[in-house]
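Remarks on the structure that follows.
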Amino acid sequence: MRAGRAPLGAVALAAAALMSCALGPSYRRPELPTTETFRGQQAAETASIADLPWWEVFQDEALGALIREALEHNHDLRAAAARVERARYLAAVTRGELFPTVGYGIGASTSNDPNAGSPALGNSSSGGRDTFLGAVNLAWEVDVWGRLRRSNEAARAQLMGTEAFRRGVVLSLIAGVAQSYFELRELDLELEIARNTVATFGETREIFERQYRGGVASQLDSLRAEAARAQAAATIPELERRIISKESELAVLAGRVPGAVERGTALAEQSVPPEVPAGLPAELVARRPDLAEIEQVVVAQNALVGVSLAEFFPRIGLTAFAGGVSPELSDVVDSGTGIWRATGEGVGSIFSFGRNLYGYRAQQAAFDESVVRYEQATLVAFREVSDALTAREKLEGVRVEQEHAVIALREAMRIARVRYLGGLATYLEVLDAQQQLFPAENDLARTRRDQLLAVVALYRALGGGWSQQPEQPEVPQPIAP
């Protein structure tokens, strides 16, 4: 007995050794382009604005309420969550292929032909009549070459990529709501400026009209003032249209029917962080959901290379069949004729006319493509961070100079009016000062908006809020029989 057990033990050990490894390369993250610091970053920083949750970055209460509503009701996010659930269960389906499949079979036949019996059912001597069969069968592919394990690895990578996609939708949603909200507040400010400008031109027209009626000025003065007022007033309906459109955009992002949106802090009072650390470039790959999603594509394609390699080798399968046959249905289990069968087989191709070879080469090319796309996405990520850092820095200088210009133009307008009333200046000086102030105030409002949007863009480019993300989804466990 001992001599008989040794070969069986050796076979078992050999099978275990074969199944302990899988064909194909194990995944290693490709060498990605990197740098010591982002362009626009003064020095390397360990802290990053991306470490902060969104409610600490965007401190407007109305904006916070909109973001929370969007995270709860946005339809794109709900669809992304359903997509993750679908990927979880598909991964479970793939993993289930590693385990045996247990099934059953039942059958019944009747005949008056005494030679119609089925030897397979053991009823050739029964003379025909009724025959009933009940059986349990088992089928299992022994994953010697790792084809199923590599398929399972690819399915899990697809699940992780889907979860990264969902996190990317979350980040895009937060950034999208913040961007639309700041754009809305800028339009509100432009509307306020337009209304104030219309009122100012109206006052100037009244002054010119009184001067005309008093015989000390030409009607041309009042006509030019009225034309300037009308031109400014014409911008109000367009701004109101854009405000309604932006409110509708925010409402849809929040997952509700378009309508009015509650306002919070005015644009001019929004706080722009004095310092916005970007963190270390080497951490960017781990932070950004889109890069994590693309990397999981690389992982999946790498695993599928192993699947294509395994197609060169035979598939080893075990099947088993056990049951009973009886002329009486009630006796199939209790006293029927017992039958069983166990089979092991290996199935493979001898000549495939290049299908396996070309399939492997095609999968290798797909892997190479995914690596190139991963590298390109990393470069784009670096560019987006650098652009946001540069925009934030340069816009601060623009805002300071524009504030000086607005202050100077307001004073110039005041002096021009005083000089006109004193007979020391013409109406052209007054109108010129007012017409220069209107666009200057609008430019300042847009620059303030752009400063806030640069912070939003940087937060998004860095993969903000990554540390607040939930744990990765788990594949459901197999259901025990």
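Chain identifiers are assigned as A, B, and so on, following the order in which chains appear in the structure tokens; residues are numbered from 1 within each chain, and ligands are numbered from 1 in order of appearance.
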Dump as CSV the rows for residues of segment 309-421 of chain A within 6 Å of segment 27-40 of chain A: closest atom pair and distance in Å with one decimal, only C-alpha atoms counted, ordered by chain and rising residue number.
```
residue,atom,partner,partner_atom,distance
A:Glu375,CA,A:Leu32,CA,5.8
A:Ser386,CA,A:Arg39,CA,5.0
A:Leu389,CA,A:Gly40,CA,5.5
A:Thr390,CA,A:Gly40,CA,5.2
```
Segment 157-177 of chain A near segment 283-287 of chain A within 12 Å: what's each residue's closest atom pair and its distance in Å to one decimal, counting only C-alpha atoms, ordered by chain then ascending residue number, as a tab-separated table?
```
residue	atom	partner	partner_atom	distance
A:Ala164	CA	A:Arg287	CA	10.4
A:Arg167	CA	A:Arg287	CA	10.6
A:Gly168	CA	A:Arg287	CA	10.4
A:Leu171	CA	A:Arg287	CA	11.1
```
Query raised in the report: Which parts of segment 51-219 of chain A does DSSP call helix (DSSP H, G or I) when run on the backbone here, written out as JSON, numbers by chain?
Result: {"A": [51, 54, 55, 56, 57, 61, 62, 63, 64, 65, 66, 67, 68, 69, 70, 71, 72, 73, 75, 76, 77, 78, 79, 80, 81, 82, 83, 84, 85, 86, 87, 88, 89, 90, 91, 92, 93, 94, 95, 96, 119, 120, 121, 147, 148, 149, 150, 151, 152, 153, 154, 155, 156, 157, 158, 159, 160, 161, 162, 163, 164, 165, 166, 167, 168, 169, 170, 171, 172, 173, 174, 175, 176, 177, 178, 179, 180, 181, 182, 183, 184, 185, 186, 187, 188, 189, 190, 191, 192, 193, 194, 195, 196, 197, 198, 199, 200, 201, 202, 203, 204, 205, 206, 207, 208, 209, 210, 211, 212, 213, 219]}
**Report entry** Nearby residues (only C-alpha atoms) at most 6 Å from segment 347-363 of chain A, same-chain spacing under 5 positions excluded, as a list in words
**Finding:** Val305, Ser308, Pro314 and Arg315 of chain A
Any idea what's packed within 10 Å of Pro25 of chain A, counting only C-alpha atoms, ignoring anything in its chain fewer than 3 positions away? Could you give it as a PDB file with N, CA and C atoms, in the first residue's frame?
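Below is the file that was written, result-v4.pdb:
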```pdb
ATOM      1  N   ALA A  22       0.630  30.593 -12.852  1.00  0.00           N
ATOM      2  CA  ALA A  22      -0.203  30.791 -14.038  1.00  0.00           C
ATOM      3  C   ALA A  22       0.672  31.334 -15.154  1.00  0.00           C
ATOM      4  N   ARG A  28       3.357  44.403 -13.262  1.00  0.00           N
ATOM      5  CA  ARG A  28       4.212  45.409 -12.630  1.00  0.00           C
ATOM      6  C   ARG A  28       3.879  46.750 -13.255  1.00  0.00           C
ATOM      7  N   ASN A 302      -2.879  42.847 -19.172  1.00  0.00           N
ATOM      8  CA  ASN A 302      -1.747  42.000 -18.812  1.00  0.00           C
ATOM      9  C   ASN A 302      -2.221  40.591 -18.456  1.00  0.00           C
ATOM     10  N   ALA A 303      -3.322  40.504 -17.702  1.00  0.00           N
ATOM     11  CA  ALA A 303      -3.863  39.187 -17.343  1.00  0.00           C
ATOM     12  C   ALA A 303      -4.371  38.450 -18.571  1.00  0.00           C
ATOM     13  N   LEU A 304      -4.973  39.170 -19.505  1.00  0.00           N
ATOM     14  CA  LEU A 304      -5.496  38.519 -20.704  1.00  0.00           C
ATOM     15  C   LEU A 304      -4.381  37.986 -21.603  1.00  0.00           C
ATOM     16  N   VAL A 305      -3.171  38.533 -21.467  1.00  0.00           N
ATOM     17  CA  VAL A 305      -2.023  37.942 -22.168  1.00  0.00           C
ATOM     18  C   VAL A 305      -1.811  36.513 -21.678  1.00  0.00           C
ATOM     19  N   GLY A 306      -1.918  36.322 -20.343  1.00  0.00           N
ATOM     20  CA  GLY A 306      -1.800  34.975 -19.795  1.00  0.00           C
ATOM     21  C   GLY A 306      -2.903  34.056 -20.274  1.00  0.00           C
TER      22      GLY A 306
END
```
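Look at Leu77 of chain A: the protein and nucleic acid residues within 10 Å of it, using only C-alpha atoms and passing over chain neighbours fewer than 2 places away, are Ala70, Leu71, Glu72, His73, Asn74, His75, Ala79, Ala80, Ala81, Ala82, Arg83, Phe165, Arg166, Arg167, Gly168, Val169, Val170, Ser172, Leu173, Leu253 and Gly255 of chain A.
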Now that the selection is made, can you save its residues with N, CA, C and O atoms as a PDB file, in the first residue's frame?
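selection05.pdb, written as the output of this step:
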```
ATOM      1  N   ALA A  70     -26.263  66.951  -4.883  1.00  0.00           N
ATOM      2  CA  ALA A  70     -25.808  66.298  -6.110  1.00  0.00           C
ATOM      3  C   ALA A  70     -25.246  64.907  -5.820  1.00  0.00           C
ATOM      4  O   ALA A  70     -25.514  63.950  -6.562  1.00  0.00           O
ATOM      5  N   LEU A  71     -24.478  64.769  -4.749  1.00  0.00           N
ATOM      6  CA  LEU A  71     -23.906  63.468  -4.409  1.00  0.00           C
ATOM      7  C   LEU A  71     -24.984  62.450  -4.055  1.00  0.00           C
ATOM      8  O   LEU A  71     -24.778  61.241  -4.183  1.00  0.00           O
ATOM      9  N   GLU A  72     -26.124  62.922  -3.624  1.00  0.00           N
ATOM     10  CA  GLU A  72     -27.204  62.020  -3.247  1.00  0.00           C
ATOM     11  C   GLU A  72     -28.134  61.702  -4.408  1.00  0.00           C
ATOM     12  O   GLU A  72     -28.654  60.579  -4.503  1.00  0.00           O
ATOM     13  N   HIS A  73     -28.349  62.660  -5.314  1.00  0.00           N
ATOM     14  CA  HIS A  73     -29.400  62.498  -6.305  1.00  0.00           C
ATOM     15  C   HIS A  73     -28.919  62.528  -7.761  1.00  0.00           C
ATOM     16  O   HIS A  73     -29.735  62.258  -8.651  1.00  0.00           O
ATOM     17  N   ASN A  74     -27.670  62.865  -8.020  1.00  0.00           N
ATOM     18  CA  ASN A  74     -27.236  62.989  -9.408  1.00  0.00           C
ATOM     19  C   ASN A  74     -27.384  61.662 -10.151  1.00  0.00           C
ATOM     20  O   ASN A  74     -26.964  60.604  -9.663  1.00  0.00           O
ATOM     21  N   HIS A  75     -27.975  61.714 -11.336  1.00  0.00           N
ATOM     22  CA  HIS A  75     -28.274  60.490 -12.072  1.00  0.00           C
ATOM     23  C   HIS A  75     -27.022  59.837 -12.650  1.00  0.00           C
ATOM     24  O   HIS A  75     -26.935  58.600 -12.718  1.00  0.00           O
ATOM     25  N   ALA A  79     -25.949  56.033 -11.835  1.00  0.00           N
ATOM     26  CA  ALA A  79     -25.653  55.076 -12.903  1.00  0.00           C
ATOM     27  C   ALA A  79     -24.268  54.472 -12.716  1.00  0.00           C
ATOM     28  O   ALA A  79     -24.059  53.272 -12.958  1.00  0.00           O
ATOM     29  N   ALA A  80     -23.301  55.289 -12.287  1.00  0.00           N
ATOM     30  CA  ALA A  80     -21.945  54.778 -12.055  1.00  0.00           C
ATOM     31  C   ALA A  80     -21.935  53.767 -10.912  1.00  0.00           C
ATOM     32  O   ALA A  80     -21.217  52.762 -10.959  1.00  0.00           O
ATOM     33  N   ALA A  81     -22.734  54.014  -9.861  1.00  0.00           N
ATOM     34  CA  ALA A  81     -22.816  53.066  -8.753  1.00  0.00           C
ATOM     35  C   ALA A  81     -23.413  51.739  -9.221  1.00  0.00           C
ATOM     36  O   ALA A  81     -22.941  50.658  -8.832  1.00  0.00           O
ATOM     37  N   ALA A  82     -24.445  51.815 -10.075  1.00  0.00           N
ATOM     38  CA  ALA A  82     -25.024  50.585 -10.619  1.00  0.00           C
ATOM     39  C   ALA A  82     -24.014  49.857 -11.502  1.00  0.00           C
ATOM     40  O   ALA A  82     -23.979  48.619 -11.532  1.00  0.00           O
ATOM     41  N   ARG A  83     -23.189  50.609 -12.177  1.00  0.00           N
ATOM     42  CA  ARG A  83     -22.156  50.002 -13.032  1.00  0.00           C
ATOM     43  C   ARG A  83     -21.151  49.235 -12.179  1.00  0.00           C
ATOM     44  O   ARG A  83     -20.694  48.152 -12.566  1.00  0.00           O
ATOM     45  N   PHE A 165     -13.693  54.581 -11.843  1.00  0.00           N
ATOM     46  CA  PHE A 165     -14.554  55.420 -12.683  1.00  0.00           C
ATOM     47  C   PHE A 165     -15.625  56.100 -11.826  1.00  0.00           C
ATOM     48  O   PHE A 165     -15.910  57.279 -12.009  1.00  0.00           O
ATOM     49  N   ARG A 166     -16.235  55.348 -10.906  1.00  0.00           N
ATOM     50  CA  ARG A 166     -17.258  55.938 -10.031  1.00  0.00           C
ATOM     51  C   ARG A 166     -16.666  57.065  -9.193  1.00  0.00           C
ATOM     52  O   ARG A 166     -17.268  58.133  -9.033  1.00  0.00           O
ATOM     53  N   ARG A 167     -15.455  56.842  -8.659  1.00  0.00           N
ATOM     54  CA  ARG A 167     -14.816  57.902  -7.873  1.00  0.00           C
ATOM     55  C   ARG A 167     -14.488  59.105  -8.742  1.00  0.00           C
ATOM     56  O   ARG A 167     -14.549  60.244  -8.286  1.00  0.00           O
ATOM     57  N   GLY A 168     -14.162  58.829 -10.009  1.00  0.00           N
ATOM     58  CA  GLY A 168     -13.940  59.937 -10.924  1.00  0.00           C
ATOM     59  C   GLY A 168     -15.208  60.728 -11.188  1.00  0.00           C
ATOM     60  O   GLY A 168     -15.169  61.958 -11.310  1.00  0.00           O
ATOM     61  N   VAL A 169     -16.346  60.021 -11.259  1.00  0.00           N
ATOM     62  CA  VAL A 169     -17.623  60.722 -11.424  1.00  0.00           C
ATOM     63  C   VAL A 169     -17.911  61.589 -10.201  1.00  0.00           C
ATOM     64  O   VAL A 169     -18.389  62.721 -10.327  1.00  0.00           O
ATOM     65  N   VAL A 170     -17.606  61.077  -9.017  1.00  0.00           N
ATOM     66  CA  VAL A 170     -17.801  61.863  -7.789  1.00  0.00           C
ATOM     67  C   VAL A 170     -16.975  63.138  -7.843  1.00  0.00           C
ATOM     68  O   VAL A 170     -17.475  64.243  -7.577  1.00  0.00           O
ATOM     69  N   SER A 172     -15.614  64.627 -10.471  1.00  0.00           N
ATOM     70  CA  SER A 172     -16.083  65.508 -11.544  1.00  0.00           C
ATOM     71  C   SER A 172     -17.373  66.207 -11.152  1.00  0.00           C
ATOM     72  O   SER A 172     -17.591  67.377 -11.500  1.00  0.00           O
ATOM     73  N   LEU A 173     -18.230  65.511 -10.433  1.00  0.00           N
ATOM     74  CA  LEU A 173     -19.495  66.108 -10.005  1.00  0.00           C
ATOM     75  C   LEU A 173     -19.248  67.238  -9.012  1.00  0.00           C
ATOM     76  O   LEU A 173     -19.835  68.327  -9.130  1.00  0.00           O
ATOM     77  N   LEU A 253     -27.553  68.970 -12.291  1.00  0.00           N
ATOM     78  CA  LEU A 253     -26.445  68.329 -11.592  1.00  0.00           C
ATOM     79  C   LEU A 253     -26.874  67.830 -10.220  1.00  0.00           C
ATOM     80  O   LEU A 253     -26.396  66.788  -9.742  1.00  0.00           O
ATOM     81  N   GLY A 255     -29.750  66.742  -9.570  1.00  0.00           N
ATOM     82  CA  GLY A 255     -30.728  65.690  -9.743  1.00  0.00           C
ATOM     83  C   GLY A 255     -32.155  66.119  -9.524  1.00  0.00           C
ATOM     84  O   GLY A 255     -32.986  65.306  -9.100  1.00  0.00           O
TER      85      GLY A 255
END
```
Report task. Name the residues in contact with Val371 of chain A at a cut-off of 9 Å, using only C-alpha atoms, excluding same-chain residues fewer than 4 positions from it; report them as a ChimeraX atom specification. Result -> /A:30,294-295,297-298,366-367,375-376
**Report entry** Distance in Å - atom CA of Val177 of chain A versus atom CA of Leu291 of chain A
**Finding:** 22.0 Å
